[in-house]
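Engineer: My structure is in coords_0.cif, and what it holds is mmCIF, C-alpha atoms and all ligand atoms:
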data_upload
#
loop_
_atom_site.label_atom_id
_atom_site.label_comp_id
_atom_site.auth_asym_id
_atom_site.auth_seq_id
_atom_site.Cartn_x
_atom_site.Cartn_y
_atom_site.Cartn_z
CA SER A 2 32.86 -43.07 -24.19
CA ILE A 3 29.35 -42.44 -25.37
CA VAL A 4 26.33 -42.49 -23.00
CA ARG A 5 22.90 -42.95 -24.52
CA CYS A 6 20.12 -41.31 -22.51
CA CYS A 7 16.39 -42.06 -22.56
CA CYS A 8 15.59 -39.35 -25.09
CA SER A 9 18.08 -41.09 -27.42
CA ALA A 10 20.37 -38.07 -27.70
CA SER A 11 24.09 -38.78 -27.38
CA ILE A 12 26.40 -37.16 -24.87
CA SER A 13 30.10 -37.65 -24.46
CA SER A 14 31.34 -38.26 -20.91
CA GLU A 15 34.72 -36.84 -21.98
CA SER A 16 33.30 -33.33 -22.28
CA SER A 17 35.39 -30.38 -21.19
CA ASP A 18 32.92 -29.88 -18.31
CA ASP A 19 34.04 -33.15 -16.72
CA GLU A 20 37.70 -32.18 -17.10
CA SER A 21 37.17 -28.84 -15.42
CA THR A 22 35.39 -30.37 -12.40
CA GLN A 23 38.35 -32.71 -11.84
CA LYS A 24 40.81 -29.82 -11.51
CA PRO A 25 41.13 -28.33 -7.99
CA PHE A 26 39.23 -25.07 -7.60
CA PRO A 27 40.62 -22.51 -5.11
CA VAL A 28 38.91 -22.88 -1.70
CA PRO A 29 37.65 -19.56 -0.26
CA GLU A 30 39.79 -19.37 2.90
CA SER A 31 37.53 -16.59 4.28
CA LEU A 32 34.80 -19.17 4.88
CA ARG A 33 36.92 -21.40 7.11
CA SER A 34 36.62 -19.08 10.11
CA LYS A 35 33.52 -17.86 11.95
CA ALA A 36 31.66 -14.88 10.47
CA ALA A 37 33.25 -11.69 11.83
CA THR A 38 30.01 -10.14 13.04
CA GLY A 39 29.61 -7.64 15.86
CA GLN A 40 28.39 -9.75 18.79
CA ASN A 41 26.22 -7.25 20.64
CA ALA A 42 25.61 -4.72 17.92
CA LEU A 43 22.72 -2.31 18.30
CA LEU A 44 21.10 -1.81 14.91
CA VAL A 45 19.45 1.62 14.84
CA GLY A 46 20.11 2.80 11.31
CA GLY A 47 17.41 3.61 8.81
CA GLY A 48 17.03 -0.04 7.76
CA ALA A 49 16.74 -3.24 9.76
CA ALA A 50 16.44 -2.90 13.55
CA SER A 51 17.92 -5.32 16.09
CA PRO A 52 15.27 -8.03 16.02
CA ASN A 53 13.15 -9.18 18.88
CA PRO A 54 14.97 -12.12 20.60
CA ARG A 55 11.72 -14.15 20.56
CA SER A 56 11.43 -13.97 16.76
CA ILE A 57 15.12 -14.81 16.29
CA SER A 58 14.96 -17.95 18.43
CA ALA A 59 11.85 -19.04 16.53
CA LEU A 60 14.01 -19.46 13.39
CA GLN A 61 15.29 -22.70 14.91
CA LEU A 62 11.88 -24.29 15.50
CA PRO A 63 11.35 -27.49 13.55
CA GLY A 64 8.56 -27.43 10.97
CA PRO A 65 6.68 -30.55 9.84
CA GLY A 66 6.52 -29.45 6.19
CA MET A 67 4.99 -26.77 4.05
CA TYR A 68 1.88 -28.76 3.06
CA SER A 69 1.09 -29.98 6.59
CA GLU A 70 -1.93 -29.06 8.70
CA TYR A 71 0.60 -27.39 10.97
CA ALA A 72 1.81 -25.10 8.15
CA LYS A 73 -1.79 -24.30 7.21
CA ASN A 74 -2.43 -23.20 10.77
CA LEU A 75 0.82 -21.22 10.91
CA ARG A 76 -0.33 -19.24 7.85
CA LYS A 77 -3.69 -18.63 9.51
CA GLU A 78 -2.02 -17.28 12.65
CA ILE A 79 0.22 -14.97 10.61
CA MET A 80 -2.81 -13.61 8.74
CA GLU A 81 -4.64 -12.98 12.02
CA GLY A 82 -1.62 -11.21 13.48
CA LEU A 83 -1.23 -8.99 10.43
CA ARG A 84 -4.94 -8.07 10.46
CA TYR A 85 -4.58 -7.17 14.13
CA ILE A 86 -1.65 -4.75 13.61
CA LEU A 87 -3.27 -3.23 10.50
CA ARG A 88 -6.77 -3.12 12.01
CA THR A 89 -8.34 -4.61 8.93
CA LYS A 90 -10.88 -7.27 8.09
CA ASN A 91 -9.28 -7.82 4.67
CA GLU A 92 -9.25 -11.52 3.90
CA TYR A 93 -6.42 -11.01 1.41
CA THR A 94 -3.77 -10.30 4.05
CA PHE A 95 -0.71 -12.50 3.69
CA VAL A 96 3.06 -12.40 3.09
CA TYR A 97 5.38 -12.82 0.14
CA HIS A 98 8.92 -14.14 0.56
CA GLY A 99 11.30 -11.26 0.04
CA SER A 100 11.77 -7.82 1.51
CA GLY A 101 9.57 -4.72 1.34
CA THR A 102 10.71 -4.07 -2.23
CA THR A 103 9.20 -7.41 -3.28
CA ALA A 104 5.89 -6.21 -1.83
CA THR A 105 6.11 -2.83 -3.62
CA THR A 106 6.79 -4.61 -6.91
CA ALA A 107 3.96 -7.08 -6.28
CA VAL A 108 1.50 -4.30 -5.47
CA MET A 109 2.38 -2.42 -8.65
CA ASP A 110 2.30 -5.57 -10.79
CA ASN A 111 -1.08 -6.69 -9.45
CA LEU A 112 -2.80 -3.29 -9.56
CA LEU A 113 -1.48 -1.94 -12.85
CA GLU A 114 -1.81 -3.13 -16.43
CA GLN A 115 0.18 -1.57 -19.31
CA GLY A 116 -0.54 2.15 -19.57
CA ASP A 117 -2.68 2.36 -16.42
CA LYS A 118 -2.31 5.67 -14.60
CA ILE A 119 -0.83 5.88 -11.11
CA VAL A 120 -0.08 8.98 -9.04
CA VAL A 121 2.91 8.46 -6.75
CA GLY A 122 3.75 10.95 -3.99
CA VAL A 123 7.50 11.48 -4.28
CA TYR A 124 9.16 13.00 -1.20
CA GLY A 125 12.36 10.97 -0.88
CA HIS A 126 14.30 8.05 -2.30
CA TRP A 127 11.97 5.14 -1.48
CA SER A 128 9.02 6.96 -3.00
CA SER A 129 11.02 7.67 -6.13
CA ILE A 130 11.94 3.96 -6.30
CA ALA A 131 8.21 3.05 -6.04
CA ALA A 132 7.51 5.35 -9.00
CA GLU A 133 10.36 3.75 -10.95
CA ILE A 134 9.06 0.23 -10.23
CA ALA A 135 5.61 1.19 -11.58
CA GLU A 136 7.22 2.76 -14.65
CA ARG A 137 9.39 -0.30 -15.38
CA LEU A 138 6.20 -2.37 -15.30
CA GLY A 139 4.75 -0.20 -18.05
CA ALA A 140 2.40 2.04 -16.06
CA ASN A 141 1.77 5.68 -16.83
CA VAL A 142 3.34 7.29 -13.74
CA ILE A 143 2.50 10.78 -12.54
CA ARG A 144 4.98 11.91 -9.88
CA LEU A 145 3.65 14.29 -7.27
CA LYS A 146 7.00 15.69 -6.14
CA LYS A 147 7.78 17.66 -3.00
CA PRO A 148 11.04 19.42 -2.12
CA LEU A 149 13.28 17.97 0.62
CA GLY A 150 11.63 18.31 4.03
CA SER A 151 8.01 18.80 2.96
CA ARG A 152 4.99 16.53 2.60
CA LEU A 153 1.84 16.56 0.48
CA THR A 154 -1.30 18.42 1.50
CA LEU A 155 -4.78 16.97 1.03
CA GLU A 156 -5.51 19.77 -1.48
CA GLU A 157 -2.47 18.85 -3.61
CA ILE A 158 -3.56 15.21 -3.61
CA GLU A 159 -7.15 16.05 -4.54
CA LYS A 160 -5.97 18.35 -7.36
CA ALA A 161 -3.82 15.54 -8.82
CA LEU A 162 -6.66 13.00 -8.61
CA SER A 163 -9.24 15.33 -10.19
CA GLU A 164 -6.82 16.22 -13.00
CA HIS A 165 -5.47 12.75 -13.82
CA LYS A 166 -8.24 10.38 -12.57
CA PRO A 167 -5.61 7.67 -11.91
CA LYS A 168 -6.41 4.04 -11.22
CA VAL A 169 -4.12 4.09 -8.16
CA LEU A 170 -2.73 6.62 -5.68
CA TYR A 171 0.47 5.38 -4.01
CA LEU A 172 1.82 7.11 -0.91
CA LEU A 173 4.41 6.35 1.75
CA HIS A 174 3.16 6.83 5.29
CA GLY A 175 6.76 7.41 6.32
CA GLU A 176 9.61 8.30 3.94
CA SER A 177 12.60 6.94 5.84
CA THR A 178 15.19 8.64 3.59
CA THR A 179 14.01 12.20 4.28
CA GLY A 180 12.13 11.78 7.55
CA ILE A 181 8.70 12.78 6.22
CA PHE A 182 5.55 11.61 8.00
CA GLN A 183 2.59 11.88 5.62
CA PRO A 184 -0.78 12.50 7.34
CA LEU A 185 -3.57 10.33 5.93
CA ASP A 186 -6.81 11.88 7.14
CA GLY A 187 -9.31 12.50 4.37
CA ILE A 188 -7.25 10.89 1.59
CA GLY A 189 -9.39 7.72 1.55
CA ASN A 190 -12.53 9.78 0.96
CA VAL A 191 -10.87 11.75 -1.84
CA CYS A 192 -9.77 8.49 -3.51
CA GLU A 193 -13.32 7.15 -3.23
CA LYS A 194 -14.67 10.34 -4.84
CA TYR A 195 -12.46 9.91 -7.95
CA GLY A 196 -12.71 6.11 -8.19
CA THR A 197 -9.01 5.69 -7.36
CA LEU A 198 -7.53 2.81 -5.35
CA PHE A 199 -5.57 4.00 -2.33
CA ALA A 200 -2.29 2.06 -1.89
CA MET A 201 0.19 2.68 0.92
CA ASP A 202 3.76 1.85 1.90
CA LEU A 203 3.68 1.31 5.68
CA VAL A 204 7.26 0.06 5.99
CA ALA A 205 8.46 2.90 8.21
CA THR A 206 5.36 3.17 10.41
CA ILE A 207 3.67 -0.21 10.91
CA ALA A 208 3.45 -1.24 14.58
CA GLN A 209 5.04 2.10 15.46
CA VAL A 210 2.25 4.69 15.23
CA PRO A 211 -1.54 4.43 15.72
CA PHE A 212 -3.08 3.13 12.50
CA ASP A 213 -6.43 1.85 11.26
CA MET A 214 -6.39 0.58 7.69
CA ASP A 215 -10.16 0.10 7.33
CA ALA A 216 -11.14 3.41 8.98
CA LEU A 217 -8.68 5.25 6.70
CA LYS A 218 -10.23 3.52 3.65
CA ILE A 219 -6.86 2.24 2.45
CA ASP A 220 -7.23 -0.41 -0.26
CA VAL A 221 -3.74 -1.83 -0.37
CA ALA A 222 -0.92 -1.86 2.17
CA MET A 223 2.63 -3.19 1.94
CA MET A 224 5.23 -3.64 4.67
CA ASN A 225 8.40 -5.49 5.63
CA THR A 226 9.23 -7.46 8.77
CA GLN A 227 12.49 -5.93 10.04
CA LYS A 228 11.30 -2.62 11.47
CA GLY A 229 8.39 -2.00 13.86
CA ILE A 230 7.19 -5.62 13.67
CA GLY A 231 10.46 -6.73 15.28
CA GLY A 232 11.53 -9.56 12.97
CA ILE A 233 14.32 -9.94 10.43
CA VAL A 234 14.45 -9.25 6.67
CA GLY A 235 12.83 -11.98 4.60
CA LEU A 236 9.06 -11.59 4.42
CA ALA A 237 6.91 -8.93 2.82
CA PRO A 238 3.38 -8.57 4.22
CA VAL A 239 0.57 -7.15 2.08
CA SER A 240 -3.15 -6.54 2.48
CA PHE A 241 -5.73 -6.00 -0.29
CA SER A 242 -9.27 -4.70 0.31
CA PRO A 243 -12.26 -6.45 -1.34
CA LYS A 244 -12.39 -3.51 -3.78
CA ALA A 245 -8.74 -4.01 -4.78
CA VAL A 246 -9.27 -7.78 -5.14
CA ALA A 247 -12.34 -7.25 -7.36
CA MET A 248 -10.29 -4.96 -9.57
CA ILE A 249 -7.47 -7.52 -9.80
CA LYS A 250 -9.96 -10.26 -10.73
CA ASN A 251 -11.32 -8.05 -13.51
CA ARG A 252 -7.98 -7.41 -15.21
CA LYS A 253 -7.76 -7.90 -18.95
CA THR A 254 -4.21 -9.26 -18.70
CA ARG A 255 -2.56 -11.34 -15.98
CA PRO A 256 0.07 -9.87 -13.65
CA ARG A 257 3.51 -10.33 -15.22
CA VAL A 258 5.18 -12.04 -12.26
CA TYR A 259 3.88 -15.52 -11.46
CA HIS A 260 4.97 -15.94 -7.85
CA THR A 261 3.59 -12.61 -6.63
CA ASP A 262 0.28 -12.93 -8.48
CA VAL A 263 -2.38 -12.30 -5.80
CA THR A 264 -4.66 -14.97 -7.28
CA GLU A 265 -1.94 -17.62 -7.09
CA GLN A 266 -1.02 -16.61 -3.54
CA ALA A 267 -4.68 -16.61 -2.45
CA ARG A 268 -4.75 -20.37 -3.08
CA GLU A 269 -1.63 -20.97 -1.03
CA TRP A 270 -3.08 -18.96 1.86
CA LEU A 271 -6.39 -20.82 1.47
CA ILE A 272 -8.31 -17.59 0.90
CA GLU A 273 -9.43 -19.13 -2.39
CA LYS A 274 -10.04 -22.81 -3.00
CA PRO A 275 -6.71 -24.45 -3.83
CA LYS A 276 -6.31 -26.07 -7.25
CA CYS A 277 -4.94 -29.28 -5.79
CA TYR A 278 -3.94 -29.23 -2.17
CA GLN A 279 -2.72 -32.84 -2.06
CA VAL A 280 -0.05 -32.28 -4.66
CA GLY A 281 0.82 -28.91 -3.25
CA THR A 282 -0.72 -25.55 -3.60
CA CYS A 283 2.39 -23.58 -2.68
CA VAL A 284 3.38 -21.06 -5.31
CA HIS A 285 7.00 -21.85 -4.47
CA SER A 286 8.86 -23.48 -1.56
CA THR A 287 7.86 -21.98 1.76
CA SER A 288 10.34 -20.98 4.45
CA LEU A 289 8.71 -22.22 7.63
CA ALA A 290 11.71 -20.80 9.52
CA LEU A 291 10.74 -17.30 8.35
CA PHE A 292 7.06 -17.98 9.04
CA HIS A 293 7.99 -18.96 12.61
CA MET A 294 10.08 -15.79 12.91
CA LEU A 295 7.13 -13.63 11.87
CA ARG A 296 4.57 -15.58 13.88
CA GLU A 297 6.59 -15.00 17.07
CA ALA A 298 7.21 -11.31 16.26
CA LEU A 299 3.44 -10.86 15.84
CA ALA A 300 2.71 -12.94 18.96
CA ASN A 301 5.01 -10.61 20.85
CA VAL A 302 2.96 -7.60 19.67
CA VAL A 303 -0.24 -9.41 20.66
CA ASP A 304 1.15 -10.15 24.15
CA GLU A 305 2.18 -6.54 24.68
CA GLY A 306 -0.99 -5.18 23.04
CA ILE A 307 -0.74 -2.98 19.92
CA GLU A 308 -1.82 0.14 21.87
CA ASN A 309 1.03 -0.43 24.35
CA VAL A 310 3.46 -0.98 21.47
CA TRP A 311 2.39 2.39 19.99
CA ALA A 312 2.74 4.05 23.42
CA ARG A 313 6.24 2.59 23.92
CA HIS A 314 7.27 3.94 20.51
CA GLU A 315 5.75 7.33 21.28
CA ALA A 316 7.60 7.67 24.61
CA SER A 317 11.01 6.59 23.28
CA ASN A 318 10.71 8.61 20.06
CA ARG A 319 9.69 11.73 22.02
CA TYR A 320 12.73 11.28 24.26
CA MET A 321 15.00 10.92 21.20
CA TYR A 322 13.58 13.98 19.40
CA ASP A 323 13.70 16.19 22.53
CA ARG A 324 17.25 15.23 23.37
CA VAL A 325 18.48 15.71 19.79
CA ALA A 326 16.87 19.16 19.76
CA GLN A 327 18.66 19.97 23.05
CA MET A 328 21.93 18.89 21.44
CA GLY A 329 21.37 21.68 18.90
CA LEU A 330 21.15 19.40 15.86
CA GLU A 331 19.08 20.63 12.91
CA PHE A 332 16.18 18.49 11.62
CA VAL A 333 15.79 17.95 7.87
CA VAL A 334 12.01 18.33 8.26
CA PRO A 335 11.36 21.80 9.69
CA VAL A 336 7.70 21.32 10.73
CA LYS A 337 7.53 19.25 13.94
CA LYS A 338 4.32 17.34 13.16
CA ASP A 339 5.64 16.33 9.71
CA ARG A 340 8.61 14.44 11.24
CA LEU A 341 8.57 10.65 11.03
CA PRO A 342 8.51 9.58 14.71
CA GLY A 343 10.63 6.42 14.51
CA THR A 344 13.21 7.52 11.94
CA LEU A 345 14.99 10.70 12.89
CA ILE A 346 17.03 12.60 10.32
CA VAL A 347 19.26 15.52 11.19
CA LYS A 348 21.71 17.49 9.09
CA CYS A 349 25.37 16.63 9.62
CA PRO A 350 26.75 19.43 11.86
CA LYS A 351 29.12 21.94 10.20
CA GLY A 352 32.77 20.85 10.37
CA LYS A 353 31.80 17.18 10.82
CA ASP A 354 31.85 14.24 8.40
CA ALA A 355 28.69 12.10 8.33
CA HIS A 356 30.52 8.94 7.22
CA LYS A 357 33.14 9.34 9.96
CA ILE A 358 30.34 9.75 12.53
CA VAL A 359 28.73 6.50 11.34
CA SER A 360 32.06 4.64 11.39
CA PHE A 361 33.01 5.98 14.83
CA MET A 362 29.65 4.90 16.31
CA TRP A 363 30.18 1.42 14.93
CA ASP A 364 33.87 1.00 15.76
CA LYS A 365 33.70 2.43 19.27
CA TYR A 366 30.19 1.49 20.43
CA GLN A 367 28.97 -1.23 18.02
CA ILE A 368 25.98 0.98 17.24
CA GLU A 369 24.80 1.09 13.63
CA ILE A 370 23.33 4.43 12.55
CA SER A 371 23.13 5.66 8.92
CA SER A 372 24.45 8.65 7.05
CA GLY A 373 21.35 9.11 4.93
CA PHE A 374 20.14 7.19 1.88
CA GLY A 375 19.53 8.35 -1.65
CA PRO A 376 20.83 11.45 -3.45
CA GLN A 377 19.19 13.99 -1.14
CA THR A 378 20.58 12.79 2.19
CA PHE A 379 23.48 10.35 1.67
CA GLY A 380 26.63 11.76 3.28
CA LYS A 381 24.80 14.92 4.33
CA CYS A 382 22.68 13.68 7.22
CA ILE A 383 22.61 11.34 10.18
CA ARG A 384 19.72 8.87 10.46
CA ILE A 385 18.64 7.01 13.56
CA GLY A 386 15.83 4.46 13.52
CA LEU A 387 14.30 3.72 16.92
CA PHE A 388 11.61 1.11 16.35
CA GLY A 389 10.55 -2.43 17.12
CA HIS A 390 12.48 -4.03 19.99
CA ASN A 391 14.76 -0.96 20.22
CA ALA A 392 11.94 1.51 20.87
CA ARG A 393 12.75 2.04 24.56
CA VAL A 394 13.89 5.14 26.42
CA GLU A 395 16.88 3.17 27.87
CA THR A 396 18.03 2.28 24.35
CA ALA A 397 17.60 5.87 23.15
CA GLU A 398 19.76 6.99 26.10
CA ILE A 399 22.56 4.59 25.11
CA ILE A 400 22.48 5.77 21.48
CA LEU A 401 22.40 9.48 22.27
CA ASP A 402 25.11 9.26 24.96
CA ALA A 403 27.30 7.61 22.32
CA LEU A 404 26.32 10.17 19.68
CA GLU A 405 27.27 13.05 21.98
CA GLN A 406 30.71 11.52 22.55
CA THR A 407 31.08 10.86 18.82
CA LEU A 408 30.22 14.42 17.81
CA GLY A 409 32.68 15.72 20.40
CA SER A 410 35.54 13.62 19.05
CA PRO A 411 38.08 15.26 16.66
CA GLU A 412 38.18 11.92 14.83
CA THR A 413 34.78 12.78 13.27
CA ASP A 414 35.88 16.20 11.96
CA ALA A 415 35.51 16.79 8.22
N1 LIG B 1 9.81 1.74 1.84
C1 LIG B 1 10.37 2.35 2.90
C2 LIG B 1 9.71 3.54 3.49
C3 LIG B 1 11.57 1.88 3.44
O1 LIG B 1 12.11 2.48 4.50
C4 LIG B 1 12.17 0.73 2.87
C5 LIG B 1 13.45 0.15 3.41
N2 LIG B 1 13.85 0.47 4.62
C6 LIG B 1 11.54 0.13 1.77
C7 LIG B 1 10.37 0.66 1.28
C8 LIG B 1 12.10 -1.09 1.13
O2 LIG B 1 12.01 -2.18 1.99
P1 LIG B 1 13.08 -3.36 1.97
O3 LIG B 1 14.41 -2.74 2.28
O4 LIG B 1 12.62 -4.29 3.04
O5 LIG B 1 13.07 -3.94 0.62
#
What do you get writing this file as structure tokens?
Ligand code: PMP

Structural biologist:
Amino acid sequence: SIVRCCCSASISSESSDDESTQKPFPVPESLRSKAATGQNALLVGGGAASPNPRSISALQLPGPGMYSEYAKNLRKEIMEGLRYILRTKNEYTFVYHGSGTTATTAVMDNLLEQGDKIVVGVYGHWSSIAAEIAERLGANVIRLKKPLGSRLTLEEIEKALSEHKPKVLYLLHGESTTGIFQPLDGIGNVCEKYGTLFAMDLVATIAQVPFDMDALKIDVAMMNTQKGIGGIVGLAPVSFSPKAVAMIKNRKTRPRVYHTDVTEQAREWLIEKPKCYQVGTCVHSTSLALFHMLREALANVVDEGIENVWARHEASNRYMYDRVAQMGLEFVVPVKKDRLPGTLIVKCPKGKDAHKIVSFMWDKYQIEISSGFGPQTFGKCIRIGLFGHNARVETAEIILDALEQTLGSPETDA
């Protein structure tokens, strides 16, 4: 039979498509039972931490719709919470949907036009990914590389900026794949001196260590929500200084990706006047469930007080580092003050197998740790992330008691 549609084209209802949808398609039996997840797992690997219970329960809150006054207010509260943990007055502080990598890509796409120069500090796998993202977007990338276990000095950074005069300097505050903690003092002033925008990845440090975005003269910051903030994977916070925004507004070409274009997002977050709020200013559909998750994670930080959150992290991280040192394990980063407080990385002890250690911890104790990430550390190291809700001395005790037993077991021998 022939069906005539409104555009007057003809389609046959006896197409092979119709035949194929009438045939039974194998049902995935694996989906008929409940997900086989660890019930009380403790997530302390290098990636996502066990989330704060308050942010998890907020996922179930009903939302009256993404264009409602309620949703507008929810966005406002999220922006205020982010400004509080960053210590910034930046109006352009909001979130993208996605994980930290979405934010890295968005930062690069918004700041860099074809051929623009960027200096990226490369001291691990995530920093090398950031450099690759900028390169794929067509930027002229200068990698400031450091060997495993060392960080950049202010002199090395200044030398690179005076030589290359880049548009952007991109650094990671914490490199979670190698355990490097990059000090930031003085870098903002150096960037100012050479007319360079200072952009930072704060994924491994936000709401974990004392931080002041405006005092450090950082122009752009990106984060995720599953580490120190205490939420789950799904949103990617960013903050742009007025200087960064002015630069974006003066671009010759538009950012290549529509939905992460800062100018488009600024309308959704009502930083700029929306084009047409009645019809909908959202760049794409909004997940109010994720917004609730983040709002409650931030509210939890506000209730505790950011200074107390930092102090809790400091106490539990110090306990973890001291006890691991007593256990005789060797740190990847030799200089104590260069070690990333919340993400500890030690070399896999001689005669042991890093993957077996990770599996044993999971199978026996339902504790997720990691064996490293990226070519420098995967399979050679053990990584423990103690941040967000997990950053407590009692939790560190549970993890390290289990680790001691695991290292003593012949089942983890190489
Ligand atoms: N930067 C750093 C320092 C990270 O540790 C991570 C991931 N843990 C990322 C970027 C990427 O973030 P995401 O996994 O949320 O995409």

Engineer: Compare A:Leu217, A:Tyr124, A:Met223, A:Glu369 by their minimum atom-to-atom distance to Thr102 of chain A, counting all atoms listed in the file, and give me the closest one.

Structural biologist: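 Once distances to Thr102 of chain A are computed over all atoms listed in the file, the minimum belongs to A:Met223.
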
Engineer: Could I get the residues of segment 109-202 of chain A with an atom no further than 9 Å from an atom of segment 329-342 of chain A, each paired with its nearest atom pair and that distance in Å to one decimal, using all atoms listed in the file, sorted by chain and residue number, as CSV?

Structural biologist:
residue,atom,partner,partner_atom,distance
A:Leu149,CA,A:Val333,CA,7.7
A:Gly150,CA,A:Val334,CA,4.2
A:Ser151,CA,A:Val334,CA,6.7
A:Arg152,CA,A:Asp339,CA,7.1
A:His174,CA,A:Leu341,CA,8.8
A:Gly175,CA,A:Leu341,CA,6.0
A:Glu176,CA,A:Leu341,CA,7.5
A:Ser177,CA,A:Leu341,CA,7.5
A:Thr179,CA,A:Val333,CA,7.0
A:Gly180,CA,A:Leu341,CA,5.1
A:Ile181,CA,A:Leu341,CA,5.3
A:Phe182,CA,A:Leu341,CA,4.4
A:Gln183,CA,A:Asp339,CA,6.8
A:Pro184,CA,A:Asp339,CA,7.8

Engineer: Would you mind reading off the distance between atom CA of Pro243 of chain A and atom CA of Phe292 of chain A, one decimal, in Å?

Structural biologist: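 Here the two named atoms are 24.8 Å from each other.
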
Engineer: Once you add 3 Å to each side, what are the centre and edge lengths of the axis-aligned box holding all listed atoms of ligand LIG 1 (chain B)? One decimal in Å, as lines of an AutoDock Vina configuration file, if you can.

Structural biologist:
center_x = 12.1
center_y = -0.4
center_z = 2.6
size_x = 10.7
size_y = 13.8
size_z = 10.0

Engineer: Have a look at atom CA of Tyr259 of chain A and atom CA of Arg144 of chain A and let me know their distance in Å, one decimal.

Structural biologist: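 According to the coordinates, atom CA of Tyr259 of chain A and atom CA of Arg144 of chain A are separated by 27.5 Å.
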
Engineer: Choose the residue, out of A:Ile385, A:Ala216, A:Val123, A:Met224, that has the smallest atom-to-atom separation from ligand LIG 1 (chain B); count all atoms listed in the file.

Structural biologist: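 The shortest atom-to-atom distance to ligand LIG 1 (chain B) comes from A:Met224.
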
Engineer: For the atom pair atom O1 of ligand LIG 1 (chain B) and atom CA of Arg257 of chain A, what is the interatomic distance in Å to one decimal place?

Structural biologist: 25.0 Å

Engineer: Go through A:Lys365, A:Lys168, A:Arg324, A:Lys160 one by one, measure the shortest atom-to-atom distance of each to Val191 of chain A using only C-alpha atoms, and give the residue with the smallest value.

Structural biologist: A:Lys160

Engineer: Taking only C-alpha atoms and all ligand atoms into account, report as a VMD selection string which residues have an atom no farther than 7 Å from an atom of ligand LIG 1 (chain B).

Structural biologist: chain A and resid 47 to 49 100 to 103 127 173 175 to 178 202 to 205 225 234

Engineer: Tell me, counting all atoms listed in the file, for each residue of segment 196-217 of chain A within 8 Å of segment 86-99 of chain A, which pair of atoms is nearest and how far apart they are in Å to one decimal, in rows ordered by chain and increasing number, as JSON lines.

Structural biologist:
{"residue": "A:Ile207", "atom": "CA", "partner": "A:Ile86", "partner_atom": "CA", "distance": 7.5}
{"residue": "A:Ala208", "atom": "CA", "partner": "A:Ile86", "partner_atom": "CA", "distance": 6.3}
{"residue": "A:Phe212", "atom": "CA", "partner": "A:Leu87", "partner_atom": "CA", "distance": 6.7}
{"residue": "A:Asp213", "atom": "CA", "partner": "A:Arg88", "partner_atom": "CA", "distance": 5.0}
{"residue": "A:Met214", "atom": "CA", "partner": "A:Leu87", "partner_atom": "CA", "distance": 5.7}
{"residue": "A:Asp215", "atom": "CA", "partner": "A:Thr89", "partner_atom": "CA", "distance": 5.3}

Engineer: Between A:Gly82, A:Leu60, A:Phe199, A:Leu43, which has the minimum distance to Ile119 of chain A (counting only C-alpha atoms)?

Structural biologist: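 For Ile119 of chain A, the nearest of the given residues is A:Phe199.
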
Engineer: Which residues are near Ile368 of chain A? Cut-off 9 Å, only C-alpha atoms, ignore same chain within fewer than 6 positions. Put them as number ranges by chain.

Structural biologist: A: 41-46, 359, 361-362, 400, 403
